[in-house]
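Participant: Input my_file_30.cif, format and content: mmCIF, C-alpha atoms.
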```
data_coords
loop_
_atom_site.label_atom_id
_atom_site.label_comp_id
_atom_site.auth_asym_id
_atom_site.auth_seq_id
_atom_site.Cartn_x
_atom_site.Cartn_y
_atom_site.Cartn_z
CA MET Z 18 -62.85 123.43 -134.57
CA THR Z 19 -63.44 120.10 -132.87
CA SER Z 20 -67.05 118.88 -132.63
CA TYR Z 21 -67.85 116.54 -129.77
CA SER Z 22 -70.55 113.94 -129.35
CA ASP Z 23 -72.14 113.43 -125.95
CA PRO Z 24 -71.58 109.86 -124.73
CA SER Z 25 -74.23 110.32 -122.01
CA ARG Z 26 -77.11 110.80 -124.44
CA THR Z 27 -78.04 107.11 -124.20
CA GLU Z 28 -78.13 106.95 -120.40
CA ALA Z 29 -81.28 106.05 -118.49
CA ALA Z 30 -83.86 108.76 -118.02
CA ASP Z 31 -83.86 108.77 -114.24
CA ALA Z 32 -80.19 108.20 -113.46
CA PRO Z 33 -79.37 108.18 -109.74
CA ASP Z 34 -77.76 111.16 -108.07
CA GLU Z 35 -74.07 110.98 -109.00
CA GLY Z 36 -72.68 113.14 -106.21
CA LEU Z 37 -71.55 111.73 -102.88
CA ARG Z 38 -70.91 114.01 -99.96
CA ARG Z 39 -67.23 114.88 -99.66
CA THR Z 40 -65.61 115.00 -96.26
CA LEU Z 41 -64.96 118.27 -94.45
CA GLY Z 42 -61.56 119.79 -95.04
CA VAL Z 43 -60.50 117.78 -98.07
CA ASP Z 44 -57.28 119.17 -99.52
CA ARG Z 45 -56.71 119.96 -103.17
CA ARG Z 46 -56.32 116.72 -105.05
CA ARG Z 47 -53.07 115.95 -106.79
CA PHE Z 48 -53.16 116.46 -110.50
CA LEU Z 49 -52.83 113.40 -112.66
CA SER Z 50 -49.91 113.62 -115.04
CA THR Z 51 -52.23 114.28 -117.97
CA CYS Z 52 -53.97 117.04 -116.03
CA THR Z 53 -50.67 118.68 -115.23
CA ALA Z 54 -49.78 118.70 -118.89
CA VAL Z 55 -53.09 120.28 -119.85
CA ALA Z 56 -52.81 122.92 -117.14
CA ALA Z 57 -49.29 123.80 -118.15
CA GLY Z 58 -50.35 124.15 -121.77
CA ALA Z 59 -53.16 126.48 -120.84
CA VAL Z 60 -50.90 129.03 -119.23
CA ALA Z 61 -49.44 131.69 -121.31
CA ALA Z 62 -93.33 135.30 -128.79
CA PRO Z 63 -93.32 133.59 -125.48
CA VAL Z 64 -95.17 130.30 -125.14
CA PHE Z 65 -97.25 130.64 -122.00
CA GLY Z 66 -98.70 127.92 -119.78
CA ALA Z 67 -100.69 127.68 -116.61
CA ALA Z 68 -98.81 128.49 -113.42
CA PRO Z 69 -98.89 125.87 -110.66
CA ALA Z 70 -101.11 126.60 -107.68
CA LEU Z 71 -99.51 127.85 -104.50
CA ALA Z 72 -98.78 124.95 -102.16
CA HIS Z 73 -100.57 125.11 -98.80
CA GLY Z 74 -98.26 122.60 -97.11
CA ARG Z 75 -94.55 121.91 -97.21
CA ASP Z 76 -93.23 118.62 -98.58
CA ARG Z 77 -90.22 117.57 -96.57
CA ASP Z 78 -87.98 114.54 -96.89
CA GLN Z 79 -90.86 112.06 -97.23
CA ASP Z 80 -92.78 113.04 -100.35
CA HIS Z 81 -94.93 110.36 -101.95
CA GLY Z 82 -97.38 112.51 -103.90
CA HIS Z 83 -100.47 111.14 -102.08
CA GLY Z 84 -102.08 110.11 -105.37
CA ARG Z 85 -101.59 113.52 -106.99
CA GLY Z 86 -99.07 112.37 -109.58
CA GLN Z 87 -95.30 111.96 -109.58
CA VAL Z 88 -93.34 114.65 -107.78
CA LEU Z 89 -91.35 116.51 -110.44
CA VAL Z 90 -88.61 117.85 -108.16
CA PRO Z 91 -87.69 115.39 -105.38
CA PRO Z 92 -87.15 116.92 -101.93
CA HIS Z 93 -83.38 116.40 -101.95
CA LYS Z 94 -83.11 118.29 -105.27
CA ARG Z 95 -84.92 121.47 -104.22
CA GLY Z 96 -82.38 124.27 -104.06
CA ILE Z 97 -81.91 128.03 -104.09
CA ILE Z 98 -79.12 130.29 -105.27
CA LEU Z 99 -78.12 132.55 -102.40
CA TYR Z 100 -78.19 135.59 -104.70
CA THR Z 101 -81.96 135.49 -104.14
CA VAL Z 102 -81.44 136.25 -100.43
CA ARG Z 103 -78.28 138.33 -100.76
CA ASP Z 104 -79.74 141.09 -98.59
CA ALA Z 105 -80.13 138.61 -95.72
CA THR Z 106 -76.55 137.31 -95.87
CA ALA Z 107 -75.29 140.91 -96.14
CA ARG Z 108 -77.22 142.54 -93.29
CA ASP Z 109 -75.78 143.39 -89.91
CA PRO Z 110 -76.85 140.87 -87.23
CA LEU Z 111 -76.28 143.53 -84.56
CA ALA Z 112 -78.91 145.79 -86.12
CA THR Z 113 -81.79 143.35 -86.76
CA ASP Z 114 -83.69 140.40 -85.37
CA LEU Z 115 -84.08 138.95 -88.85
CA PRO Z 116 -81.80 136.11 -90.04
CA SER Z 117 -78.48 137.56 -91.18
CA GLY Z 118 -75.20 136.11 -92.35
CA PHE Z 119 -74.69 132.68 -93.86
CA ARG Z 120 -75.26 130.62 -90.73
CA GLU Z 121 -78.67 132.08 -89.84
CA VAL Z 122 -79.78 132.17 -93.48
CA PHE Z 123 -78.88 128.47 -93.85
CA LYS Z 124 -80.95 127.74 -90.75
CA GLN Z 125 -83.97 129.58 -92.17
CA LEU Z 126 -83.70 128.00 -95.63
CA SER Z 127 -83.52 124.57 -94.02
CA ARG Z 128 -86.70 125.35 -92.08
CA HIS Z 129 -88.39 126.25 -95.35
CA GLY Z 130 -87.50 122.80 -96.68
CA TYR Z 131 -84.56 123.50 -98.98
CA ARG Z 132 -81.86 120.85 -99.19
CA GLN Z 133 -79.45 122.48 -101.65
CA VAL Z 134 -77.85 125.90 -102.11
CA GLU Z 135 -75.82 127.51 -104.85
CA PHE Z 136 -73.43 130.22 -103.74
CA ALA Z 137 -72.99 133.59 -105.43
CA GLY Z 138 -69.69 134.37 -103.77
CA TYR Z 139 -68.59 133.93 -100.17
CA ARG Z 140 -68.98 137.38 -98.62
CA GLN Z 141 -71.35 138.39 -95.82
CA HIS Z 142 -71.66 141.18 -93.24
CA ALA Z 143 -68.51 141.70 -91.19
CA ASN Z 144 -70.42 141.26 -87.92
CA ALA Z 145 -71.74 137.83 -88.87
CA PRO Z 146 -69.96 134.73 -87.49
CA GLY Z 147 -66.76 134.14 -89.45
CA GLY Z 148 -66.40 137.75 -90.60
CA ALA Z 149 -66.91 139.38 -93.95
CA ASP Z 150 -64.81 137.24 -96.28
CA LEU Z 151 -65.15 133.44 -96.24
CA GLU Z 152 -63.38 132.96 -99.59
CA THR Z 153 -60.57 131.04 -97.91
CA VAL Z 154 -59.85 127.46 -96.92
CA GLU Z 155 -60.73 128.21 -93.30
CA GLY Z 156 -63.84 130.12 -94.34
CA ALA Z 157 -64.95 127.21 -96.52
CA LYS Z 158 -64.53 124.80 -93.60
CA LEU Z 159 -66.76 127.04 -91.50
CA LEU Z 160 -69.39 127.25 -94.24
CA ARG Z 161 -69.30 123.48 -94.67
CA ARG Z 162 -69.88 122.97 -90.95
CA TRP Z 163 -72.96 125.18 -91.06
CA LEU Z 164 -74.27 123.48 -94.19
CA ASP Z 165 -73.95 120.11 -92.48
CA ASP Z 166 -75.56 121.44 -89.29
CA TYR Z 167 -78.71 122.37 -91.20
CA GLY Z 168 -78.88 119.46 -93.62
CA LEU Z 169 -77.91 121.47 -96.69
CA ARG Z 170 -75.67 120.59 -99.59
CA ALA Z 171 -73.72 123.06 -101.72
CA GLN Z 172 -74.18 122.31 -105.43
CA GLY Z 173 -72.36 125.17 -107.12
CA ASN Z 174 -71.04 128.69 -107.01
CA HIS Z 175 -71.14 131.67 -109.34
CA GLY Z 176 -67.54 132.52 -108.76
CA PHE Z 177 -64.16 133.02 -110.33
CA ILE Z 178 -63.56 132.25 -114.01
CA PRO Z 179 -60.17 133.54 -115.21
CA GLY Z 180 -60.35 136.57 -117.45
CA SER Z 181 -57.04 135.79 -119.12
CA TRP Z 182 -56.50 133.51 -122.09
CA PRO Z 183 -54.03 131.92 -122.33
CA LEU Z 184 -54.12 131.71 -118.55
CA THR Z 185 -51.74 133.76 -116.49
CA ALA Z 186 -50.05 132.00 -113.59
CA ALA Z 187 -51.94 134.22 -111.13
CA ASP Z 188 -55.32 133.39 -112.68
CA LYS Z 189 -54.54 129.68 -112.70
CA ASP Z 190 -53.61 129.79 -109.00
CA THR Z 191 -56.80 131.67 -108.12
CA PHE Z 192 -58.88 129.23 -110.16
CA LYS Z 193 -57.29 126.28 -108.36
CA LYS Z 194 -57.97 127.96 -105.01
CA HIS Z 195 -61.66 128.16 -105.90
CA LEU Z 196 -61.65 124.50 -106.87
CA GLU Z 197 -60.15 123.69 -103.48
CA ILE Z 198 -62.90 125.70 -101.76
CA ALA Z 199 -65.52 123.89 -103.87
CA ASN Z 200 -64.17 120.53 -102.74
CA ILE Z 201 -64.20 121.55 -99.09
CA LEU Z 202 -67.82 122.64 -99.47
CA GLY Z 203 -68.68 119.29 -101.06
CA MET Z 204 -69.72 120.70 -104.44
CA ASP Z 205 -70.03 118.56 -107.53
CA HIS Z 206 -70.13 121.70 -109.68
CA MET Z 207 -68.46 125.11 -109.89
CA GLY Z 208 -69.37 127.82 -112.36
CA THR Z 209 -70.07 131.38 -113.25
CA GLY Z 210 -73.04 133.71 -113.65
CA GLY Z 211 -71.92 134.97 -117.07
CA ASP Z 212 -71.90 133.72 -120.65
CA PRO Z 213 -68.71 132.26 -122.17
CA THR Z 214 -68.51 135.34 -124.40
CA GLY Z 215 -70.77 138.28 -125.19
CA SER Z 216 -69.95 138.07 -128.90
CA SER Z 217 -72.24 136.92 -131.70
CA TYR Z 218 -69.38 135.74 -133.95
CA ARG Z 219 -68.37 132.11 -134.40
CA ALA Z 220 -64.64 132.88 -134.19
CA ASP Z 221 -65.10 134.31 -130.68
CA TRP Z 222 -67.12 131.28 -129.58
CA ASP Z 223 -64.32 129.05 -130.90
CA VAL Z 224 -61.85 130.90 -128.64
CA ALA Z 225 -64.27 130.63 -125.71
CA ALA Z 226 -64.61 126.89 -126.33
CA ASP Z 227 -60.83 126.41 -126.29
CA LYS Z 228 -60.63 128.25 -122.99
CA TRP Z 229 -63.50 126.36 -121.38
CA ASN Z 230 -62.21 123.00 -122.57
CA ALA Z 231 -58.89 123.75 -120.86
CA LEU Z 232 -60.49 125.10 -117.67
CA GLY Z 233 -62.92 122.19 -117.61
CA GLU Z 234 -60.05 119.70 -117.79
CA ILE Z 235 -58.33 121.38 -114.83
CA ALA Z 236 -61.63 121.22 -112.89
CA ARG Z 237 -62.22 117.59 -113.89
CA CYS Z 238 -58.85 116.62 -112.45
CA GLU Z 239 -60.04 118.09 -109.14
CA GLY Z 240 -63.32 116.15 -109.29
CA ILE Z 241 -65.44 119.20 -110.18
CA LYS Z 242 -67.80 119.79 -113.11
CA LEU Z 243 -67.28 123.30 -114.50
CA TYR Z 244 -70.43 125.01 -115.76
CA THR Z 245 -71.43 128.20 -117.52
CA HIS Z 246 -74.70 130.04 -116.98
CA ASN Z 247 -76.81 131.77 -119.62
CA HIS Z 248 -78.65 135.01 -120.11
CA ASP Z 249 -81.00 135.56 -123.04
CA SER Z 250 -78.39 136.72 -125.58
CA ALA Z 251 -76.47 133.44 -125.42
CA TYR Z 252 -79.47 131.72 -127.02
CA GLY Z 253 -79.59 134.27 -129.82
CA PHE Z 254 -78.40 133.33 -133.31
CA LEU Z 255 -74.73 132.91 -134.16
CA LEU Z 256 -73.36 135.12 -136.97
CA ASP Z 257 -71.39 132.67 -139.08
CA GLY Z 258 -71.76 133.50 -142.79
CA GLY Z 259 -73.12 135.73 -145.52
CA PRO Z 260 -71.64 139.08 -146.62
CA LEU Z 261 -68.92 140.51 -144.41
CA ASP Z 262 -69.15 143.91 -142.73
CA ASP Z 263 -66.47 146.63 -142.91
CA GLN Z 264 -64.42 144.82 -140.27
CA GLY Z 265 -64.53 141.50 -142.11
CA ARG Z 266 -67.10 139.91 -139.80
CA PRO Z 267 -70.08 137.80 -140.93
CA THR Z 268 -73.51 139.43 -140.92
CA ARG Z 269 -75.87 136.46 -141.34
CA SER Z 270 -76.68 133.20 -139.60
CA SER Z 271 -76.99 129.50 -140.33
CA GLY Z 272 -79.74 129.41 -137.72
CA ILE Z 273 -77.71 127.77 -134.98
CA ARG Z 274 -77.87 129.44 -131.59
CA LYS Z 275 -74.70 130.51 -129.78
CA LEU Z 276 -74.91 128.06 -126.89
CA GLU Z 277 -76.01 125.28 -129.22
CA TYR Z 278 -72.75 125.81 -131.09
CA PHE Z 279 -70.86 125.94 -127.78
CA LEU Z 280 -72.33 122.54 -126.88
CA LYS Z 281 -71.00 121.11 -130.15
CA VAL Z 282 -67.44 122.42 -129.80
CA THR Z 283 -66.87 121.79 -126.11
CA ASP Z 284 -66.01 118.46 -124.53
CA PRO Z 285 -69.02 116.86 -122.78
CA ARG Z 286 -66.64 115.24 -120.31
CA THR Z 287 -65.34 118.59 -119.04
CA VAL Z 288 -67.77 121.43 -119.84
CA TRP Z 289 -71.30 121.68 -118.44
CA LEU Z 290 -74.15 124.18 -118.56
CA GLU Z 291 -76.69 125.65 -116.16
CA MET Z 292 -79.82 126.75 -117.98
CA ASP Z 293 -81.49 129.82 -116.55
CA ILE Z 294 -85.01 128.90 -117.57
CA PHE Z 295 -86.36 132.44 -117.27
CA TRP Z 296 -83.69 133.90 -119.57
CA ALA Z 297 -84.14 130.97 -121.96
CA HIS Z 298 -87.82 131.92 -122.26
CA VAL Z 299 -86.85 135.55 -122.80
CA ALA Z 300 -84.66 134.28 -125.66
CA GLN Z 301 -87.67 132.37 -127.00
CA TYR Z 302 -89.59 135.67 -127.06
CA LYS Z 303 -86.78 137.80 -128.53
CA PHE Z 304 -84.93 135.55 -130.97
CA HIS Z 305 -87.43 133.77 -133.20
CA THR Z 306 -86.31 134.88 -136.68
CA TYR Z 307 -82.91 135.24 -138.33
CA THR Z 308 -81.41 136.36 -141.62
CA ALA Z 309 -80.04 133.30 -143.43
CA HIS Z 310 -76.83 133.27 -145.48
CA ASP Z 311 -78.89 133.81 -148.65
CA GLY Z 312 -80.57 136.92 -147.20
CA SER Z 313 -83.97 135.35 -146.55
CA THR Z 314 -85.75 135.76 -143.22
CA ARG Z 315 -86.42 132.46 -141.52
CA LYS Z 316 -88.37 131.51 -138.42
CA ASN Z 317 -86.96 129.35 -135.65
CA VAL Z 318 -88.73 129.46 -132.27
CA PHE Z 319 -86.46 128.40 -129.42
CA ASP Z 320 -87.55 125.37 -127.38
CA PRO Z 321 -85.64 125.44 -124.06
CA ALA Z 322 -86.89 122.07 -122.80
CA GLY Z 323 -86.18 120.48 -126.17
CA LEU Z 324 -82.56 121.63 -126.11
CA VAL Z 325 -82.09 120.20 -122.61
CA ALA Z 326 -83.76 116.91 -123.58
CA ARG Z 327 -81.33 116.55 -126.52
CA ASN Z 328 -78.32 117.30 -124.29
CA ASN Z 329 -79.62 116.17 -120.94
CA LYS Z 330 -76.43 115.27 -119.12
CA ARG Z 331 -74.84 118.58 -120.16
CA TYR Z 332 -77.36 120.45 -117.96
CA PRO Z 333 -76.86 119.32 -114.34
CA LEU Z 334 -78.22 122.60 -112.93
CA PHE Z 335 -81.10 124.96 -113.63
CA HIS Z 336 -82.05 128.40 -112.40
CA ALA Z 337 -85.77 128.16 -111.71
CA LYS Z 338 -87.19 131.65 -111.83
CA ASP Z 339 -90.65 132.66 -112.99
CA GLY Z 340 -92.19 135.54 -114.91
CA VAL Z 341 -95.45 137.26 -115.73
CA VAL Z 342 -96.25 138.65 -119.15
CA SER Z 343 -94.80 142.06 -119.94
CA THR Z 344 -95.51 144.07 -123.06
CA THR Z 345 -93.33 147.03 -122.07
CA ASN Z 346 -89.83 145.84 -121.14
CA GLY Z 347 -88.80 144.20 -124.41
CA MET Z 348 -88.21 140.83 -122.73
CA GLY Z 349 -91.73 139.39 -122.71
CA TYR Z 350 -91.63 138.77 -118.95
CA ASP Z 351 -91.26 140.49 -115.60
CA MET Z 352 -89.58 138.37 -112.92
CA VAL Z 353 -91.69 137.09 -110.01
CA PRO Z 354 -91.28 134.43 -107.29
CA PHE Z 355 -91.28 130.84 -108.51
CA GLY Z 356 -94.75 129.44 -109.11
CA THR Z 357 -96.51 132.81 -109.24
CA GLY Z 358 -95.92 133.44 -112.94
CA VAL Z 359 -96.83 131.94 -116.30
CA ILE Z 360 -93.78 129.86 -117.24
CA ASP Z 361 -95.04 126.28 -117.42
CA TYR Z 362 -92.64 124.47 -115.12
CA THR Z 363 -94.85 121.38 -114.92
CA THR Z 364 -94.38 120.82 -118.63
CA PHE Z 365 -90.71 121.84 -118.60
CA PHE Z 366 -89.67 119.43 -115.84
CA SER Z 367 -91.85 116.67 -117.30
CA ARG Z 368 -90.20 117.00 -120.70
CA VAL Z 369 -86.60 117.08 -119.51
CA GLY Z 370 -87.07 114.17 -117.10
CA GLN Z 371 -84.08 112.82 -115.16
CA ARG Z 372 -85.48 114.28 -111.96
CA ASN Z 373 -82.80 112.62 -109.84
CA TYR Z 374 -80.03 114.18 -111.93
CA HIS Z 375 -81.02 117.82 -112.44
CA ASN Z 376 -80.59 120.37 -109.64
CA PRO Z 377 -83.10 123.25 -109.93
CA MET Z 378 -82.11 126.36 -107.97
CA VAL Z 379 -84.86 128.87 -107.19
CA GLU Z 380 -83.83 132.38 -108.16
CA ASP Z 381 -85.52 135.78 -108.11
CA ASP Z 382 -83.27 138.76 -108.76
CA ASN Z 383 -85.92 141.09 -107.34
CA SER Z 384 -86.63 139.43 -103.99
CA PRO Z 385 -84.51 141.80 -101.89
CA SER Z 386 -86.52 144.91 -101.01
CA ALA Z 387 -85.38 148.32 -99.82
CA THR Z 388 -88.59 148.77 -97.81
CA ASP Z 389 -89.44 145.21 -96.68
CA PRO Z 390 -86.40 143.54 -95.11
CA ALA Z 391 -88.20 140.21 -94.63
CA GLN Z 392 -89.32 139.93 -98.25
CA SER Z 393 -86.54 137.81 -99.74
CA LEU Z 394 -86.74 135.00 -97.19
CA ARG Z 395 -90.54 135.14 -97.23
CA GLU Z 396 -90.57 134.79 -101.00
CA ALA Z 397 -87.98 132.00 -100.73
CA LYS Z 398 -90.59 130.03 -98.77
CA ILE Z 399 -93.30 130.78 -101.35
CA SER Z 400 -90.96 129.56 -104.08
CA TYR Z 401 -90.07 126.40 -102.15
CA ASP Z 402 -93.71 125.52 -101.53
CA ASN Z 403 -94.56 126.02 -105.20
CA MET Z 404 -91.64 123.87 -106.34
CA ALA Z 405 -92.68 121.14 -103.89
CA ALA Z 406 -96.23 121.27 -105.31
CA LEU Z 407 -95.19 120.45 -108.88
CA ARG Z 408 -96.61 117.11 -110.03
CA LYS Z 409 -96.50 115.36 -113.38
CA ARG Z 410 -99.89 115.61 -115.02
CA ARG Z 411 -101.84 112.39 -115.21
CA ARG Z 412 -102.67 111.26 -118.72
#
```
What does this structure look like when you write it as structure tokens?

Facilitator:
Amino acid sequence: MTSYSDPSRTEAADAPDEGLRRTLGVDRRRFLSTCTAVAAGAVAAPVFGAAPALAHGRDRDQDHGHGRGQVLVPPHKRGIILYTVRDATARDPLATDLPSGFREVFKQLSRHGYRQVEFAGYRQHANAPGGADLETVEGAKLLRRWLDDYGLRAQGNHGFIPGSWPLTAADKDTFKKHLEIANILGMDHMGTGGDPTGSSYRADWDVAADKWNALGEIARCEGIKLYTHNHDSAYGFLLDGGPLDDQGRPTRSSGIRKLEYFLKVTDPRTVWLEMDIFWAHVAQYKFHTYTAHDGSTRKNVFDPAGLVARNNKRYPLFHAKDGVVSTTNGMGYDMVPFGTGVIDYTTFFSRVGQRNYHNPMVEDDNSPSATDPAQSLREAKISYDNMAALRKRRR
């Protein structure tokens, strides 16, 4: 299996924002001859820290810190994945006075201070402007107009990744349609909410790497960075040696984590990652010992910020979600709005640096409420204010 080195590892710590706004309605770019060839070949114990204090004001586009230390997340990099407010985009505007549908939700998020959004699909309530399904070229043009109206930029989408491998013609066409939509929306990145594979075995991660290298090359030819998202299991230990089980599969580990291996065998020019910082900390809590090839038990505590710092340009996006200590759910944390938990985001963002490169997206799976319809957008504001309050500690 090919191992890749990351040519970006020597780049400056605070590289400027690479993405320039694309124009509305851009058509799918023509494949370069090399891209066409590639596409054709493809077919067939938690470490706790102090939580930041709740911000009492909102930092907007002018944010100088006022002597309180360097702002860790610049205003233009403060984002939210729309999954956090999925109840608001999905509700019927004819049955409520609350913001509903993409257009009104964009307006409210902009008022909160957000400047970036990450999509989680393109569906909304049928009575909202544009109708239920905006997963079309015309729907994307409408979304882009609303984004521009409210000063927002789309940075990614948890959308379609082909299930087939080798790719079927239908899957390749659908994938290319999503790349076209991403370009219309002005995205630099397009991705998925799932792991490359749910397996623990190296052979399956090798297959996943082949697939993602091919998909990433197709995306690169369209000007898009393709990224995968993690849950906790993807930072568990790879099974890659020792005695074999009854099905001929390895039962022990060299100590390398699954996504660490994926980073080594995927091309840094075409495959990117979005670290979900909450799930990475759950992995830190759950996966801290492994059985080595010789049968011994060894300790290896996961360091999420350290992995990002070693592979910084491979992580253009983060999911920024917070947690409080849990001793009952087996994960170490219960999810809460950003800045109201114990995950030390001040230290995390300080360690990874490159604040003008990374794009942190607030996320809270639990914000929608069956009894409090205003909760998700209210908690989105709490999360924004807490992200804006983060400052690098003075030495």

Participant: Residues of stretch 254-356 of chain Z within 12 Å of stretch 131-154 of chain Z: nearest atom pair and distance (Å, one decimal) for each, counting only C-alpha atoms, sorted by chain and number, as a Markdown table?

Facilitator:
```
| residue | atom | partner | partner_atom | distance |
| --- | --- | --- | --- | --- |
| Z:Glu291 | CA | Z:Glu135 | CA | 11.5 |
| Z:Leu334 | CA | Z:Glu135 | CA | 9.8 |
| Z:Phe335 | CA | Z:Glu135 | CA | 10.6 |
| Z:His336 | CA | Z:Glu135 | CA | 9.8 |
```

Participant: I want to know what sits within 8 Å of Z:Asn383, based on all atoms listed in the file, with residues of the same chain fewer than 2 positions away left out; could you give that as a ChimeraX atom specification?

Facilitator: /Z:101,352-353,381,385-386

Participant: Written as a ChimeraX atom specification, which residues does the PyMOL selection byres ((chain Z and resi 267) around 8) give for the file shown?

Facilitator: /Z:218,256-262,265-266,268-269

Participant: Once the PyMOL selection byres ((chain Z and resi 380) around 7) is applied to the coordinates I shared, what remains selected? I want it as a list of chain:residue names.

Facilitator: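 When the PyMOL selection byres ((chain Z and resi 380) around 7) is applied to the shown file, the picked residues are Z:Ile97, Z:Ile98, Z:Thr101, Z:His336, Z:Ala337, Z:Lys338, Z:Met378, Z:Val379, Z:Asp381, Z:Asp382.
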
Participant: Would you list the contacts of Z:Ala105 as a PyMOL selection string, taking every protein, DNA or RNA residue within 7 Å and counting all atoms listed in the file, but skipping same-chain residues closer than 5 positions in sequence?

Facilitator: chain Z and resi 116-118+122

Participant: Convert the output of the PyMOL selection byres ((chain Z and resi 214) around 12) on the shown file into explicit residues, formatted as a PyMOL selection string.

Facilitator: chain Z and resi 178+180+209-213+215-229+245-248+250-252+255+275-276+279

Participant: Would you compute the distance between atom CA of Z:Phe295 and atom CA of Z:Val341? Give it in Å to one decimal.

Facilitator: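 Computing the Euclidean distance for atom CA of Z:Phe295 and atom CA of Z:Val341 yields 10.4 Å.
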
Participant: For each of Z:Tyr374, Z:Tyr362, Z:Phe355, Z:Tyr302, take the minimum atom-to-atom distance to Z:Ile399, counting only C-alpha atoms, then give the residue where this is smallest.

Facilitator: Z:Phe355

Participant: For each of Z:Arg170, Z:Arg95, Z:Arg85, Z:Arg412, take the minimum atom-to-atom distance to Z:Ser400, counting all atoms listed in the file, then give the residue where this is smallest.

Facilitator: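 Distance minimum relative to Z:Ser400 lands on Z:Arg95.
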
Participant: Please determine an axis-aligned box that encloses all atoms of stretch 250-260 of chain Z listed in the file, with 5 Å added on each side, and express its centre and edge lengths in Å to one decimal as AutoDock Vina command-line options.

Facilitator:
```
--center_x -75.5 --center_y 135.4 --center_z -136.0 --size_x 18.2 --size_y 17.4 --size_z 31.2
```

Participant: Of the residues Z:Gly370, Z:Gly130, Z:Gly356, Z:Gly272, which is the one nearest to Z:Thr308, using only C-alpha atoms?

Facilitator: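 Smallest separation from Z:Thr308 among the options: Z:Gly272.
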
Participant: Which of these, Z:Pro92, Z:Pro333, Z:Gly176, Z:Gly358, has the shortest distance to Z:Pro285 once you count all atoms listed in the file?

Facilitator: Z:Pro333

Participant: Expressed in Å to a single decimal, how great is the separation between atom CA of Z:Ile273 and atom CA of Z:Leu290?

Facilitator: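 These atoms are spaced 17.2 Å apart.
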
Participant: Where atoms are missing, can you supply all heavy atoms for stretch 259-263 of chain Z and output the lot as an mmCIF file, keeping the file's coordinate frame?

Facilitator:
```cif
data_model
loop_
_atom_site.group_PDB
_atom_site.id
_atom_site.type_symbol
_atom_site.label_atom_id
_atom_site.label_comp_id
_atom_site.auth_asym_id
_atom_site.auth_seq_id
_atom_site.Cartn_x
_atom_site.Cartn_y
_atom_site.Cartn_z
ATOM 1 N N GLY Z 259 -72.552 134.632 -144.759
ATOM 2 C CA GLY Z 259 -73.120 135.730 -145.520
ATOM 3 C C GLY Z 259 -72.107 136.818 -145.808
ATOM 4 O O GLY Z 259 -70.900 136.662 -145.533
ATOM 5 N N PRO Z 260 -72.560 137.967 -146.335
ATOM 6 C CA PRO Z 260 -71.640 139.080 -146.620
ATOM 7 C C PRO Z 260 -70.925 139.539 -145.346
ATOM 8 O O PRO Z 260 -71.477 139.472 -144.253
ATOM 9 C CB PRO Z 260 -72.568 140.178 -147.155
ATOM 10 C CG PRO Z 260 -73.797 139.463 -147.604
ATOM 11 C CD PRO Z 260 -73.950 138.283 -146.710
ATOM 12 N N LEU Z 261 -69.690 140.015 -145.546
ATOM 13 C CA LEU Z 261 -68.920 140.510 -144.410
ATOM 14 C C LEU Z 261 -69.136 142.002 -144.231
ATOM 15 O O LEU Z 261 -69.384 142.738 -145.193
ATOM 16 C CB LEU Z 261 -67.430 140.230 -144.634
ATOM 17 C CG LEU Z 261 -67.041 138.764 -144.866
ATOM 18 C CD1 LEU Z 261 -65.529 138.636 -145.046
ATOM 19 C CD2 LEU Z 261 -67.526 137.881 -143.725
ATOM 20 N N ASP Z 262 -69.031 142.483 -142.987
ATOM 21 C CA ASP Z 262 -69.150 143.910 -142.730
ATOM 22 C C ASP Z 262 -67.790 144.584 -142.967
ATOM 23 O O ASP Z 262 -66.834 143.952 -143.441
ATOM 24 C CB ASP Z 262 -69.678 144.173 -141.317
ATOM 25 C CG ASP Z 262 -68.730 143.691 -140.218
ATOM 26 O OD1 ASP Z 262 -67.543 143.413 -140.503
ATOM 27 O OD2 ASP Z 262 -69.180 143.606 -139.053
ATOM 28 N N ASP Z 263 -67.694 145.874 -142.642
ATOM 29 C CA ASP Z 263 -66.470 146.630 -142.910
ATOM 30 C C ASP Z 263 -65.266 146.118 -142.137
ATOM 31 O O ASP Z 263 -64.124 146.402 -142.502
ATOM 32 C CB ASP Z 263 -66.694 148.119 -142.575
ATOM 33 C CG ASP Z 263 -67.692 148.783 -143.516
ATOM 34 O OD1 ASP Z 263 -67.917 148.220 -144.611
ATOM 35 O OD2 ASP Z 263 -68.239 149.838 -143.149
#
```
